[in-house]
Every structure is written in C-alpha cells, then in structure tokens.
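Visitor: You'll find entry-v5.pdb just under this line, and it carries PDB, C-alpha atoms.
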```pdb
ATOM      1  CA  MET A   1     -54.048   8.836 -49.544  1.00  0.00           C
ATOM      2  CA  SER A   2     -51.702  10.464 -47.033  1.00  0.00           C
ATOM      3  CA  LYS A   3     -48.205   9.064 -46.546  1.00  0.00           C
ATOM      4  CA  GLY A   4     -46.430   8.046 -43.367  1.00  0.00           C
ATOM      5  CA  THR A   5     -43.729  10.068 -41.686  1.00  0.00           C
ATOM      6  CA  ALA A   6     -40.064   9.893 -42.722  1.00  0.00           C
ATOM      7  CA  LEU A   7     -37.712   9.892 -39.732  1.00  0.00           C
ATOM      8  CA  ILE A   8     -34.253  11.158 -40.758  1.00  0.00           C
ATOM      9  CA  ILE A   9     -31.559  10.651 -38.103  1.00  0.00           C
ATOM     10  CA  GLY A  10     -28.317  12.545 -38.647  1.00  0.00           C
ATOM     11  CA  VAL A  11     -29.423  15.706 -40.451  1.00  0.00           C
ATOM     12  CA  GLY A  12     -26.678  18.129 -41.400  1.00  0.00           C
ATOM     13  CA  PRO A  13     -26.086  20.426 -44.374  1.00  0.00           C
ATOM     14  CA  GLY A  14     -25.188  17.584 -46.767  1.00  0.00           C
ATOM     15  CA  LEU A  15     -26.894  14.242 -47.277  1.00  0.00           C
ATOM     16  CA  GLY A  16     -29.147  14.489 -44.220  1.00  0.00           C
ATOM     17  CA  LEU A  17     -30.834  17.670 -45.406  1.00  0.00           C
ATOM     18  CA  ALA A  18     -31.075  16.336 -48.978  1.00  0.00           C
ATOM     19  CA  LEU A  19     -32.832  13.234 -47.649  1.00  0.00           C
ATOM     20  CA  ALA A  20     -35.317  15.329 -45.687  1.00  0.00           C
ATOM     21  CA  GLU A  21     -36.036  17.429 -48.771  1.00  0.00           C
ATOM     22  CA  ALA A  22     -36.428  14.378 -51.029  1.00  0.00           C
ATOM     23  CA  PHE A  23     -38.916  12.614 -48.779  1.00  0.00           C
ATOM     24  CA  ALA A  24     -40.807  15.861 -48.117  1.00  0.00           C
ATOM     25  CA  ARG A  25     -41.205  16.401 -51.863  1.00  0.00           C
ATOM     26  CA  ASP A  26     -42.459  12.825 -52.114  1.00  0.00           C
ATOM     27  CA  GLY A  27     -45.318  13.753 -49.828  1.00  0.00           C
ATOM     28  CA  HIS A  28     -44.127  12.549 -46.434  1.00  0.00           C
ATOM     29  CA  PRO A  29     -44.108  14.549 -43.220  1.00  0.00           C
ATOM     30  CA  VAL A  30     -40.453  14.618 -42.203  1.00  0.00           C
ATOM     31  CA  ALA A  31     -38.837  14.553 -38.760  1.00  0.00           C
ATOM     32  CA  LEU A  32     -35.258  15.848 -38.593  1.00  0.00           C
ATOM     33  CA  PHE A  33     -32.964  14.503 -35.856  1.00  0.00           C
ATOM     34  CA  GLY A  34     -29.525  15.719 -34.853  1.00  0.00           C
ATOM     35  CA  ARG A  35     -27.515  17.322 -32.079  1.00  0.00           C
ATOM     36  CA  ASP A  36     -27.602  20.935 -33.325  1.00  0.00           C
ATOM     37  CA  ALA A  37     -31.044  22.229 -32.333  1.00  0.00           C
ATOM     38  CA  GLU A  38     -30.597  25.650 -33.933  1.00  0.00           C
ATOM     39  CA  ARG A  39     -29.638  24.166 -37.292  1.00  0.00           C
ATOM     40  CA  LEU A  40     -32.481  21.638 -37.193  1.00  0.00           C
ATOM     41  CA  ASP A  41     -35.014  24.360 -36.406  1.00  0.00           C
ATOM     42  CA  LYS A  42     -33.730  26.361 -39.373  1.00  0.00           C
ATOM     43  CA  TYR A  43     -34.052  23.416 -41.763  1.00  0.00           C
ATOM     44  CA  ALA A  44     -37.523  22.512 -40.494  1.00  0.00           C
ATOM     45  CA  ALA A  45     -38.665  26.132 -40.869  1.00  0.00           C
ATOM     46  CA  GLU A  46     -37.367  26.218 -44.445  1.00  0.00           C
ATOM     47  CA  LEU A  47     -39.303  23.067 -45.292  1.00  0.00           C
ATOM     48  CA  THR A  48     -42.524  24.263 -43.675  1.00  0.00           C
ATOM     49  CA  GLY A  49     -42.085  27.567 -45.487  1.00  0.00           C
ATOM     50  CA  GLN A  50     -42.223  25.599 -48.746  1.00  0.00           C
ATOM     51  CA  GLY A  51     -45.509  24.016 -47.717  1.00  0.00           C
ATOM     52  CA  PHE A  52     -44.152  20.734 -46.363  1.00  0.00           C
ATOM     53  CA  THR A  53     -44.785  19.236 -42.934  1.00  0.00           C
ATOM     54  CA  ALA A  54     -41.586  19.049 -40.905  1.00  0.00           C
ATOM     55  CA  GLY A  55     -40.418  18.948 -37.310  1.00  0.00           C
ATOM     56  CA  ALA A  56     -37.029  19.269 -35.597  1.00  0.00           C
ATOM     57  CA  TYR A  57     -35.953  16.950 -32.763  1.00  0.00           C
ATOM     58  CA  GLN A  58     -32.679  17.321 -30.926  1.00  0.00           C
ATOM     59  CA  ALA A  59     -31.114  13.986 -29.997  1.00  0.00           C
ATOM     60  CA  ASP A  60     -27.703  12.404 -29.660  1.00  0.00           C
ATOM     61  CA  ALA A  61     -27.721   9.153 -31.647  1.00  0.00           C
ATOM     62  CA  GLY A  62     -25.228   7.743 -29.144  1.00  0.00           C
ATOM     63  CA  ASN A  63     -27.679   8.158 -26.243  1.00  0.00           C
ATOM     64  CA  PRO A  64     -30.262   5.336 -26.482  1.00  0.00           C
ATOM     65  CA  GLU A  65     -32.795   6.830 -24.075  1.00  0.00           C
ATOM     66  CA  ALA A  66     -32.694  10.273 -25.682  1.00  0.00           C
ATOM     67  CA  LEU A  67     -32.941   8.814 -29.187  1.00  0.00           C
ATOM     68  CA  GLN A  68     -35.911   6.631 -28.283  1.00  0.00           C
ATOM     69  CA  ALA A  69     -37.697   9.543 -26.645  1.00  0.00           C
ATOM     70  CA  ALA A  70     -37.130  11.829 -29.622  1.00  0.00           C
ATOM     71  CA  LEU A  71     -38.362   9.200 -32.101  1.00  0.00           C
ATOM     72  CA  ARG A  72     -41.523   8.572 -30.121  1.00  0.00           C
ATOM     73  CA  GLN A  73     -42.163  12.305 -29.753  1.00  0.00           C
ATOM     74  CA  ALA A  74     -41.855  12.777 -33.519  1.00  0.00           C
ATOM     75  CA  VAL A  75     -44.330   9.958 -34.147  1.00  0.00           C
ATOM     76  CA  ASN A  76     -46.753  11.505 -31.661  1.00  0.00           C
ATOM     77  CA  ASP A  77     -46.421  14.867 -33.401  1.00  0.00           C
ATOM     78  CA  LEU A  78     -46.356  13.864 -37.077  1.00  0.00           C
ATOM     79  CA  GLY A  79     -47.997  10.451 -37.277  1.00  0.00           C
ATOM     80  CA  ALA A  80     -46.950   6.839 -37.747  1.00  0.00           C
ATOM     81  CA  PRO A  81     -43.693   6.395 -39.672  1.00  0.00           C
ATOM     82  CA  GLU A  82     -43.272   4.838 -43.090  1.00  0.00           C
ATOM     83  CA  ILE A  83     -39.529   5.446 -43.424  1.00  0.00           C
ATOM     84  CA  LEU A  84     -36.539   5.450 -41.111  1.00  0.00           C
ATOM     85  CA  VAL A  85     -33.205   6.694 -42.451  1.00  0.00           C
ATOM     86  CA  TYR A  86     -30.239   6.274 -40.132  1.00  0.00           C
ATOM     87  CA  ASN A  87     -27.578   8.661 -41.410  1.00  0.00           C
ATOM     88  CA  ALA A  88     -25.666   9.360 -38.190  1.00  0.00           C
ATOM     89  CA  ALA A  89     -21.949   8.624 -37.872  1.00  0.00           C
ATOM     90  CA  VAL A  90     -18.814   9.908 -36.168  1.00  0.00           C
ATOM     91  CA  LEU A  91     -16.506  11.067 -38.950  1.00  0.00           C
ATOM     92  CA  LYS A  92     -12.974  11.535 -37.656  1.00  0.00           C
ATOM     93  CA  THR A  93      -9.510  10.192 -38.268  1.00  0.00           C
ATOM     94  CA  ASP A  94      -8.095   7.548 -35.947  1.00  0.00           C
ATOM     95  CA  THR A  95      -5.821   4.520 -36.098  1.00  0.00           C
ATOM     96  CA  PRO A  96      -6.061   0.869 -35.022  1.00  0.00           C
ATOM     97  CA  THR A  97      -3.883   1.529 -31.958  1.00  0.00           C
ATOM     98  CA  GLY A  98      -4.685   5.161 -31.272  1.00  0.00           C
ATOM     99  CA  LEU A  99      -7.905   4.932 -29.245  1.00  0.00           C
ATOM    100  CA  ASP A 100      -8.673   3.631 -25.781  1.00  0.00           C
ATOM    101  CA  ALA A 101     -11.704   1.521 -24.901  1.00  0.00           C
ATOM    102  CA  THR A 102     -13.833   4.503 -23.888  1.00  0.00           C
ATOM    103  CA  ALA A 103     -13.268   6.302 -27.186  1.00  0.00           C
ATOM    104  CA  TRP A 104     -14.082   3.119 -29.118  1.00  0.00           C
ATOM    105  CA  ALA A 105     -17.318   2.661 -27.191  1.00  0.00           C
ATOM    106  CA  GLN A 106     -18.381   6.285 -27.685  1.00  0.00           C
ATOM    107  CA  THR A 107     -17.788   6.107 -31.432  1.00  0.00           C
ATOM    108  CA  LEU A 108     -19.484   2.758 -31.943  1.00  0.00           C
ATOM    109  CA  ALA A 109     -22.458   3.980 -29.896  1.00  0.00           C
ATOM    110  CA  VAL A 110     -23.261   6.353 -32.765  1.00  0.00           C
ATOM    111  CA  ASN A 111     -21.976   4.359 -35.729  1.00  0.00           C
ATOM    112  CA  VAL A 112     -23.655   1.055 -34.800  1.00  0.00           C
ATOM    113  CA  THR A 113     -25.663   0.937 -31.579  1.00  0.00           C
ATOM    114  CA  GLY A 114     -27.750   3.984 -32.454  1.00  0.00           C
ATOM    115  CA  ALA A 115     -28.861   2.269 -35.650  1.00  0.00           C
ATOM    116  CA  VAL A 116     -29.974  -0.790 -33.693  1.00  0.00           C
ATOM    117  CA  VAL A 117     -31.832   1.361 -31.166  1.00  0.00           C
ATOM    118  CA  ALA A 118     -33.560   3.294 -33.948  1.00  0.00           C
ATOM    119  CA  ALA A 119     -34.634   0.156 -35.791  1.00  0.00           C
ATOM    120  CA  ARG A 120     -35.949  -1.549 -32.653  1.00  0.00           C
ATOM    121  CA  THR A 121     -37.849   1.595 -31.662  1.00  0.00           C
ATOM    122  CA  VAL A 122     -39.400   2.261 -35.063  1.00  0.00           C
ATOM    123  CA  LEU A 123     -40.325  -1.285 -36.160  1.00  0.00           C
ATOM    124  CA  PRO A 124     -43.387  -1.650 -33.891  1.00  0.00           C
ATOM    125  CA  LEU A 125     -44.501   1.893 -34.745  1.00  0.00           C
ATOM    126  CA  LEU A 126     -44.513   1.500 -38.535  1.00  0.00           C
ATOM    127  CA  ARG A 127     -47.703   2.448 -40.282  1.00  0.00           C
ATOM    128  CA  ASP A 128     -49.709  -0.748 -40.897  1.00  0.00           C
ATOM    129  CA  GLY A 129     -46.527  -2.685 -40.074  1.00  0.00           C
ATOM    130  CA  ARG A 130     -44.986  -1.723 -43.402  1.00  0.00           C
ATOM    131  CA  GLY A 131     -42.199   0.597 -44.522  1.00  0.00           C
ATOM    132  CA  SER A 132     -38.511   1.065 -45.208  1.00  0.00           C
ATOM    133  CA  LEU A 133     -35.577   1.064 -42.804  1.00  0.00           C
ATOM    134  CA  LEU A 134     -32.617   2.565 -44.674  1.00  0.00           C
ATOM    135  CA  PHE A 135     -29.084   3.013 -43.346  1.00  0.00           C
ATOM    136  CA  THR A 136     -26.136   5.001 -44.660  1.00  0.00           C
ATOM    137  CA  GLY A 137     -23.179   2.693 -45.087  1.00  0.00           C
ATOM    138  CA  GLY A 138     -19.785   3.436 -46.556  1.00  0.00           C
ATOM    139  CA  GLY A 139     -17.053   2.059 -48.738  1.00  0.00           C
ATOM    140  CA  PHE A 140     -14.827   1.577 -45.687  1.00  0.00           C
ATOM    141  CA  ALA A 141     -17.070  -1.376 -44.823  1.00  0.00           C
ATOM    142  CA  LEU A 142     -15.651  -3.099 -47.909  1.00  0.00           C
ATOM    143  CA  HIS A 143     -12.136  -1.643 -47.856  1.00  0.00           C
ATOM    144  CA  PRO A 144     -11.131  -0.598 -44.305  1.00  0.00           C
ATOM    145  CA  SER A 145      -8.863   2.402 -43.832  1.00  0.00           C
ATOM    146  CA  PRO A 146      -6.128   2.538 -41.165  1.00  0.00           C
ATOM    147  CA  GLU A 147      -6.695   6.299 -41.012  1.00  0.00           C
ATOM    148  CA  TYR A 148     -10.434   5.907 -40.319  1.00  0.00           C
ATOM    149  CA  THR A 149     -10.427   2.781 -38.207  1.00  0.00           C
ATOM    150  CA  THR A 150     -13.523   3.224 -36.041  1.00  0.00           C
ATOM    151  CA  LEU A 151     -15.530   4.420 -39.046  1.00  0.00           C
ATOM    152  CA  SER A 152     -14.368   1.365 -41.019  1.00  0.00           C
ATOM    153  CA  VAL A 153     -15.269  -1.007 -38.196  1.00  0.00           C
ATOM    154  CA  GLY A 154     -18.568   0.772 -37.607  1.00  0.00           C
ATOM    155  CA  LYS A 155     -19.636   0.647 -41.243  1.00  0.00           C
ATOM    156  CA  ALA A 156     -18.674  -3.027 -41.480  1.00  0.00           C
ATOM    157  CA  ALA A 157     -20.711  -3.808 -38.376  1.00  0.00           C
ATOM    158  CA  LEU A 158     -23.631  -1.728 -39.637  1.00  0.00           C
ATOM    159  CA  ARG A 159     -23.542  -3.572 -42.962  1.00  0.00           C
ATOM    160  CA  ALA A 160     -23.679  -6.942 -41.195  1.00  0.00           C
ATOM    161  CA  TYR A 161     -26.503  -5.781 -38.919  1.00  0.00           C
ATOM    162  CA  VAL A 162     -28.651  -4.502 -41.796  1.00  0.00           C
ATOM    163  CA  GLN A 163     -28.136  -7.668 -43.831  1.00  0.00           C
ATOM    164  CA  ALA A 164     -29.287  -9.712 -40.823  1.00  0.00           C
ATOM    165  CA  LEU A 165     -32.229  -7.340 -40.324  1.00  0.00           C
ATOM    166  CA  HIS A 166     -33.144  -7.630 -43.993  1.00  0.00           C
ATOM    167  CA  ASP A 167     -33.286 -11.422 -43.751  1.00  0.00           C
ATOM    168  CA  ASP A 168     -35.182 -11.247 -40.454  1.00  0.00           C
ATOM    169  CA  GLN A 169     -37.864  -9.029 -42.021  1.00  0.00           C
ATOM    170  CA  ARG A 170     -37.951 -10.586 -45.507  1.00  0.00           C
ATOM    171  CA  ASP A 171     -41.406 -12.120 -45.015  1.00  0.00           C
ATOM    172  CA  SER A 172     -42.871  -8.948 -43.516  1.00  0.00           C
ATOM    173  CA  GLY A 173     -43.761  -5.655 -45.127  1.00  0.00           C
ATOM    174  CA  VAL A 174     -40.491  -4.066 -44.014  1.00  0.00           C
ATOM    175  CA  HIS A 175     -37.641  -3.377 -46.417  1.00  0.00           C
ATOM    176  CA  ALA A 176     -34.316  -3.046 -44.573  1.00  0.00           C
ATOM    177  CA  SER A 177     -31.380  -1.959 -46.711  1.00  0.00           C
ATOM    178  CA  THR A 178     -28.050  -0.189 -46.458  1.00  0.00           C
ATOM    179  CA  VAL A 179     -26.700   2.277 -49.001  1.00  0.00           C
ATOM    180  CA  THR A 180     -22.969   1.587 -49.160  1.00  0.00           C
ATOM    181  CA  VAL A 181     -21.643   4.931 -50.378  1.00  0.00           C
ATOM    182  CA  ALA A 182     -18.343   4.130 -52.058  1.00  0.00           C
ATOM    183  CA  GLY A 183     -17.244   7.680 -52.797  1.00  0.00           C
ATOM    184  CA  MET A 184     -16.906  11.174 -51.367  1.00  0.00           C
ATOM    185  CA  ILE A 185     -20.270  12.798 -50.725  1.00  0.00           C
ATOM    186  CA  GLY A 186     -20.309  16.326 -52.114  1.00  0.00           C
ATOM    187  CA  GLY A 187     -17.030  15.910 -53.980  1.00  0.00           C
ATOM    188  CA  GLU A 188     -16.327  16.701 -57.616  1.00  0.00           C
ATOM    189  CA  ASP A 189     -18.242  13.699 -58.971  1.00  0.00           C
ATOM    190  CA  PRO A 190     -21.857  14.850 -59.491  1.00  0.00           C
ATOM    191  CA  ARG A 191     -23.045  11.301 -58.909  1.00  0.00           C
ATOM    192  CA  PHE A 192     -22.124  11.798 -55.244  1.00  0.00           C
ATOM    193  CA  ALA A 193     -23.961  15.092 -54.862  1.00  0.00           C
ATOM    194  CA  PRO A 194     -26.255  14.863 -51.819  1.00  0.00           C
ATOM    195  CA  GLU A 195     -29.351  15.302 -53.977  1.00  0.00           C
ATOM    196  CA  ALA A 196     -28.331  12.444 -56.293  1.00  0.00           C
ATOM    197  CA  LEU A 197     -27.698  10.155 -53.348  1.00  0.00           C
ATOM    198  CA  ALA A 198     -30.989  11.084 -51.718  1.00  0.00           C
ATOM    199  CA  ALA A 199     -32.793  10.071 -54.901  1.00  0.00           C
ATOM    200  CA  ALA A 200     -31.261   6.599 -54.572  1.00  0.00           C
ATOM    201  CA  TYR A 201     -32.737   6.239 -51.073  1.00  0.00           C
ATOM    202  CA  LEU A 202     -36.122   7.298 -52.382  1.00  0.00           C
ATOM    203  CA  ASP A 203     -35.850   4.713 -55.165  1.00  0.00           C
ATOM    204  CA  LEU A 204     -35.107   2.017 -52.575  1.00  0.00           C
ATOM    205  CA  HIS A 205     -38.225   2.995 -50.663  1.00  0.00           C
ATOM    206  CA  HIS A 206     -40.306   2.688 -53.823  1.00  0.00           C
ATOM    207  CA  GLN A 207     -38.860  -0.673 -54.911  1.00  0.00           C
ATOM    208  CA  PRO A 208     -41.423  -3.449 -55.469  1.00  0.00           C
ATOM    209  CA  LYS A 209     -41.121  -6.170 -52.843  1.00  0.00           C
ATOM    210  CA  ASP A 210     -39.806  -8.719 -55.352  1.00  0.00           C
ATOM    211  CA  GLN A 211     -36.831  -6.393 -55.973  1.00  0.00           C
ATOM    212  CA  TRP A 212     -35.947  -5.635 -52.357  1.00  0.00           C
ATOM    213  CA  GLN A 213     -32.231  -5.791 -51.633  1.00  0.00           C
ATOM    214  CA  ALA A 214     -30.192  -5.860 -48.445  1.00  0.00           C
ATOM    215  CA  GLU A 215     -27.569  -3.519 -49.863  1.00  0.00           C
ATOM    216  CA  LEU A 216     -27.164  -0.923 -52.587  1.00  0.00           C
ATOM    217  CA  VAL A 217     -23.506  -0.388 -53.378  1.00  0.00           C
ATOM    218  CA  TYR A 218     -23.469   3.189 -54.651  1.00  0.00           C
ATOM    219  CA  ALA A 219     -20.216   3.533 -56.591  1.00  0.00           C
TER     220      ALA A 219
END
```
Would you write the structure of this file as structure tokens?
Guide:
Amino acid sequence: MSKGTALIIGVGPGLGLALAEAFARDGHPVALFGRDAERLDKYAAELTGQGFTAGAYQADAGNPEALQAALRQAVNDLGAPEILVYNAAVLKTDTPTGLDATAWAQTLAVNVTGAVVAARTVLPLLRDGRGSLLFTGGGFALHPSPEYTTLSVGKAALRAYVQALHDDQRDSGVHASTVTVAGMIGGEDPRFAPEALAAAYLDLHHQPKDQWQAELVYA
C-alpha cells in the first residue's frame, strides 16, 4: 500500500534535510519547503536520483498566503499528505528590550504563526483524515534565554499551541506532537546529529495511538 506525502517545512542542510531523507526512506513522497529555491531543487534532485519521489517548493513560512499556496501545490503534485513537519524558525540573537514591535511580529510570524497556518491548511487535506503533525520545538521553551529572546518566546508559544492541538485532535486520527530539542543540533554529542533526531520524528509518526504524546523532550 502506498504511503501519503510528507510535507517538510524549513528544509536546510541540517535537520530539515535529514527529515526529508528519513521520511523518503520510509516510503513517503516528500515535499521540501524553504526560502532558498536553488538549494531545495538540489536536495530534491538528490532524492529523486536515489529513486525517491520528491519535490521542491519555495515559500516563506512567515507569509501565510504563500505558505498555503505552496502546501496545496505540493499536495496536488505528490498526493494527499500523511505527515506535516514544521521545522521553520528564525535563529538569531536578540534581547528582551532590543527589538521593536515590527521585528517581533516578523520573527513570531515564522516561529509561531507559520506553524498555525500550516496545521490549519494541512488538517483537512490529510489522507483519510489521519496522520501526524510534528513540530520542532526547543529547550528555550523550558528555559528562556535573554540572548535568544524571540526564539525563546516563539518556542514557548509553539509548545503551548501544539499541546492544545494535541488535545483538540485526541479523538481523531491525527497525532500532533512537538519535539522539544534540548541540545545543540549538529554539535559534538552524536545524539543530536540531524539523522538521530530525524529518527525520533519518524518514531513519533509510527507510535501506536495509545502511546501518542503531546511532547517529546529530546535531551
């Protein structure tokens, strides 16, 4: 039996690409979303060259209309989705008093609002109304950093949103969960290698319904 499409939002050379590779190897067509069209095309070509089905879709996660359009185009091209992974975030240093309202809004548009837009867009498109909505969280949601203030606030808000979404969907066939990554991705600890983390997302997707969880704290 064929598998539904995996939609991976926020694909770069680290975790995003590892996620696309993991779900492709699991038998899913994969749609890669990001802002760098040239890089996405390269990754998609590499995956198709290995015999997988993959497509590249340029979109800014902070632009709701563009993100919705790209998601719907991917579904039209590759088939109904079974997995959404929201891995987009603005990663930059800032302080509690160092940003104006416009900068806050622009950052939170990617770190939080884009996740909400993606979930709302994908939910009614899920194959047979079933699947996994997975979101990349972070340890700053649990222990905020004054050097990464908007990221801390964004991850905390994302965590709260996904927990609410999990409870909202608990009686459906949709597993909503956040992976709270409490460590440096790609650092010296092999547990935080992108490939190891991607395997954890795949495990969440394969969890039996009686084991579904709103959050995986990956520490």
Visitor: So, with all atoms listed in the file as the atoms that count, which of A:His175, A:Lys3, A:Lys42, A:Lys209 lies closest to Leu17 (chain A)?
Guide: A:Lys42
Visitor: Could you check which of A:Pro208, A:Gly131, A:Gly62, A:Pro194 is closest to Gly14 (chain A), using all atoms listed in the file?
Guide: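 Selected residue with least distance to Gly14 (chain A): A:Pro194.
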Visitor: Can you tell me, as a JSON list (two decimals) with C-alpha atoms, in the coordinates of the input, what residues are no more than 9 Å from Ala59 (chain A) when counting all atoms listed in the file, ignoring any on the same chain fewer than 2 positions away?
Guide:
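File part_33.json, as written:
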```
[["chain", "number", "residue", "atom", "x", "y", "z"],
["A", 9, "ILE", "CA", -31.56, 10.65, -38.10],
["A", 33, "PHE", "CA", -32.96, 14.50, -35.86],
["A", 34, "GLY", "CA", -29.52, 15.72, -34.85],
["A", 35, "ARG", "CA", -27.52, 17.32, -32.08],
["A", 36, "ASP", "CA", -27.60, 20.94, -33.33],
["A", 37, "ALA", "CA", -31.04, 22.23, -32.33],
["A", 57, "TYR", "CA", -35.95, 16.95, -32.76],
["A", 61, "ALA", "CA", -27.72, 9.15, -31.65],
["A", 62, "GLY", "CA", -25.23, 7.74, -29.14],
["A", 63, "ASN", "CA", -27.68, 8.16, -26.24],
["A", 66, "ALA", "CA", -32.69, 10.27, -25.68],
["A", 67, "LEU", "CA", -32.94, 8.81, -29.19],
["A", 68, "GLN", "CA", -35.91, 6.63, -28.28],
["A", 69, "ALA", "CA", -37.70, 9.54, -26.64],
["A", 70, "ALA", "CA", -37.13, 11.83, -29.62],
["A", 71, "LEU", "CA", -38.36, 9.20, -32.10]]
```
Visitor: Would you list the contacts of region 158-173 of chain A as a CSV table (one decimal) with C-alpha atoms, in the coordinates of the input, taking every protein, DNA or RNA residue within 7 Å and counting all atoms listed in the file, but skipping same-chain residues closer than 4 positions in sequence?
Guide:
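Once written, result.csv looks like this:
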```csv
chain,number,residue,atom,x,y,z
A,112,VAL,CA,-23.7,1.1,-34.8
A,129,GLY,CA,-46.5,-2.7,-40.1
A,130,ARG,CA,-45.0,-1.7,-43.4
A,131,GLY,CA,-42.2,0.6,-44.5
A,137,GLY,CA,-23.2,2.7,-45.1
A,154,GLY,CA,-18.6,0.8,-37.6
A,177,SER,CA,-31.4,-2.0,-46.7
A,178,THR,CA,-28.0,-0.2,-46.5
A,214,ALA,CA,-30.2,-5.9,-48.4
```
Visitor: Report, in Å with one decimal, the straight-line distance from CA of Ala199 (chain A) to CA of Lys92 (chain A).
Guide: 26.3 Å
Visitor: When the PyMOL selection byres ((chain A and resi 7) around 12) is applied to the file above, which residues end up in the set, as a PyMOL selection string?
Guide: chain A and resi 4-6+8-11+16-17+19-21+23-24+28-34+54-57+67+70-75+77-87+118-119+121-122+125-126+131-135
Visitor: So what do you get for CA of Gly27 (chain A) versus CA of Ala219 (chain A), distance-wise?
Guide: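 CA of Ala219 (chain A) lies at a distance of 27.9 Å from CA of Gly27 (chain A).
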Visitor: Please return the centre and edge lengths, in Å to one decimal, of a box with edges along x, y and z that contains all listed atoms of region 161-171 of chain A, widened by 6 Å on every side, as AutoDock Vina command-line options.
Guide:
```
--center_x -34.0 --center_y -8.3 --center_z -42.2 --size_x 26.9 --size_y 19.6 --size_z 18.6
```
Visitor: Report as a PyMOL selection string the full result of the PyMOL selection byres ((chain A and resi 195) around 8) when it is applied to this structure.
Guide: chain A and resi 15+18-19+22+193-194+196-199
Visitor: On this structure, which residues satisfy the PyMOL selection byres ((chain A and resi 183) around 9), written as a count of residues only?
Guide: 11
Visitor: Would you compute the distance between CA of Arg191 (chain A) and CA of Thr107 (chain A)? Give it in Å to one decimal.
Guide: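 Interatomic distance here is 28.5 Å.
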Visitor: Within 6 Å of Val179 (chain A), counting all atoms listed in the file, which residues show up once you throw out same-chain ones fewer than 3 positions away? Write them as a ChimeraX atom specification, please.
Guide: /A:136-137,215-216
Visitor: Between A:Ala176, A:Ala157, A:Trp212, A:Phe52, single out the one closest to Leu108 (chain A), counting only C-alpha atoms.
Guide: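 Once distances to Leu108 (chain A) are computed over only C-alpha atoms, the minimum belongs to A:Ala157.
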